[in-house]
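What follows is a set of notes on a single structure, which appears directly below.
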Amino acid sequence: MHQGIAFRTAYLVTGSAEDAEEAATSGFLKAYQALGRFRRDKPFRPWLLSIVLNEARNQRRSSGRVRRLELRAAEERRSGDAAPSPEAAILDSERRGELLEAVARLPEQQRLTILCRFFLDLDETETAGVLGVRRGTVKSRLARGLARLREDLPDDA
Amino acid sequence: MRDLERDLRELGLAIAVPPTPDLAATVRDGLSSRPPAPRRLRPVLVLAIVVAVGVLAGLAVSPARTAILRYFGIGAVHVELVDRLPAVEPGAPLVLGSEIEPAEAPFSISVPTALGDPDAVYASGNVVTLLYGSPDRVRLLVTEMGYSALPSEVAKKLVVTTTAVRFVEIPGSDGPALWIEGEPHLLELPGAPARLAGNTLVWVPRDGRTFRIEGDVDLDDALRIAGSMR
């Protein structure tokens, strides 16, 4: 039931399918092992994802490499289209690549907060649960992260 | 100014994420079919299918035909479930590295107070082994693996389906721990030839090292020894 988002979370952190599978698997096993410590008045998904995220961070650290996330190939093909698609008008693939690189350059705490909030589309309360911080901390990290991205990105023409 | 939050959401959708693999069936089965056992032992993988273990004399490790069924990691140890073990040379001498004084270890070692000081200490790279007994008659090995960033320094264990692998809890430690028991499993430590290993407890204390105890011990003994590491 939670496999998809667990794997997605781990992949966004590690950038490697193999490491993500291992992190998600090991996260599930640890979550299972720790079920006795899970508080039933808390939502399950952020708790599980917090374990998976932690595994993925360890995996990323121990693999000793930082792998870059990549955009889907479909984004590239669009440049040959005769007429620009509606999405192309919103954000072209080049700008997406720049944004992705800018996110990768953020300090880890801000990057993980943006990852949860926008890439996983979790709300602020869930994000706080996954990262083990208060909602106020999520808000301030988001604000700092967004400000930094705005500074870091080239100005639009 | 563009709407950065919207751009980030769209970016999230545009990142190429591989399809979700079928995360280990063992995990799924464990999660869906049984609530966690209330007692100390929570078997996650109790593997039942009987498969013959192929240990062929005189051959080097030949993993080519060994299908990896499932794998997972704990600390610096990878555990892989395979349908048969690669061949290992029988009777190969135990390779533990060079004998050292405890103070020469690459990190501050822990010693199980339940056993007292080891008879010898060996180091190989980031791996330190405490030997109880003698190299010819090993009673117990306590291996400590320091934090390593290199995949080549990860220990690998290959287990077959007649080997039971289960999660356990070490008294006084909330790190993950695995107990491997039954059919000998194949152990590959960095810098040493693959060899067969018996009952083993592997655990990760909070400081990020990985510990393992191997020897002719049952689970209660292993847990008692592990709980006494200082």
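FYI, nothing fancy with the structure tokens labels: chains A, B, ... in order, residues from 1 per chain, ligands from 1 as they appear.
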*Near chain B, which residues of chain A fall within 8 Å when you count only C-alpha atoms, and what do they look like as a PyMOL selection string?*
chain A and resi 3-4+7-8+11-12+17+21-22+24-26+28-30+32-33+35-36+61-64+69-73+75+91+96+99-100+118-121+146+150+156
_Quick one: residues within 9 Å of segment 107-109 of chain A, only C-alpha atoms, excluding same-chain residues fewer than 4 positions away - as a VMD selection string?_
chain A and resid 103 113 to 114 131 141 145
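Counting only C-alpha atoms, Pro171 of chain B has the following residues at most 9 Å away, ignoring those fewer than 3 positions along the same chain: Asp174, Leu223, Arg224, Ala226, Gly227 and Ser228 of chain B.
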Residues as selected, C-alpha atoms, written as a short mmCIF file (atom, residue, chain, number, x, y, z; two decimals), in the first residue's frame, can you do that?
data_model
loop_
_atom_site.label_atom_id
_atom_site.label_comp_id
_atom_site.auth_asym_id
_atom_site.auth_seq_id
_atom_site.Cartn_x
_atom_site.Cartn_y
_atom_site.Cartn_z
CA ASP B 174 17.61 -0.05 20.10
CA LEU B 223 22.32 -11.71 23.08
CA ARG B 224 23.95 -11.82 26.50
CA ALA B 226 26.12 -8.54 22.68
CA GLY B 227 24.42 -6.76 25.56
CA SER B 228 27.71 -6.68 27.45
#
*Closest of B:Ile100, B:Val79, B:Ile225, B:Val165 to Val121 of chain B - atom-to-atom distances counting only C-alpha atoms*: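 Under the stated criterion, the closest residue is B:Ile100.
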_So that I can check the surroundings of segment 196-207 of chain B, please list as a PyMOL selection string every protein, DNA and RNA residue that reaches within 10 Å of it, counting only C-alpha atoms and ignoring chain neighbours fewer than 5 positions away._
chain B and resi 55+74-77+85+87-92+141-147+157-159+163-170+172-188+212-219+222-223+226+229
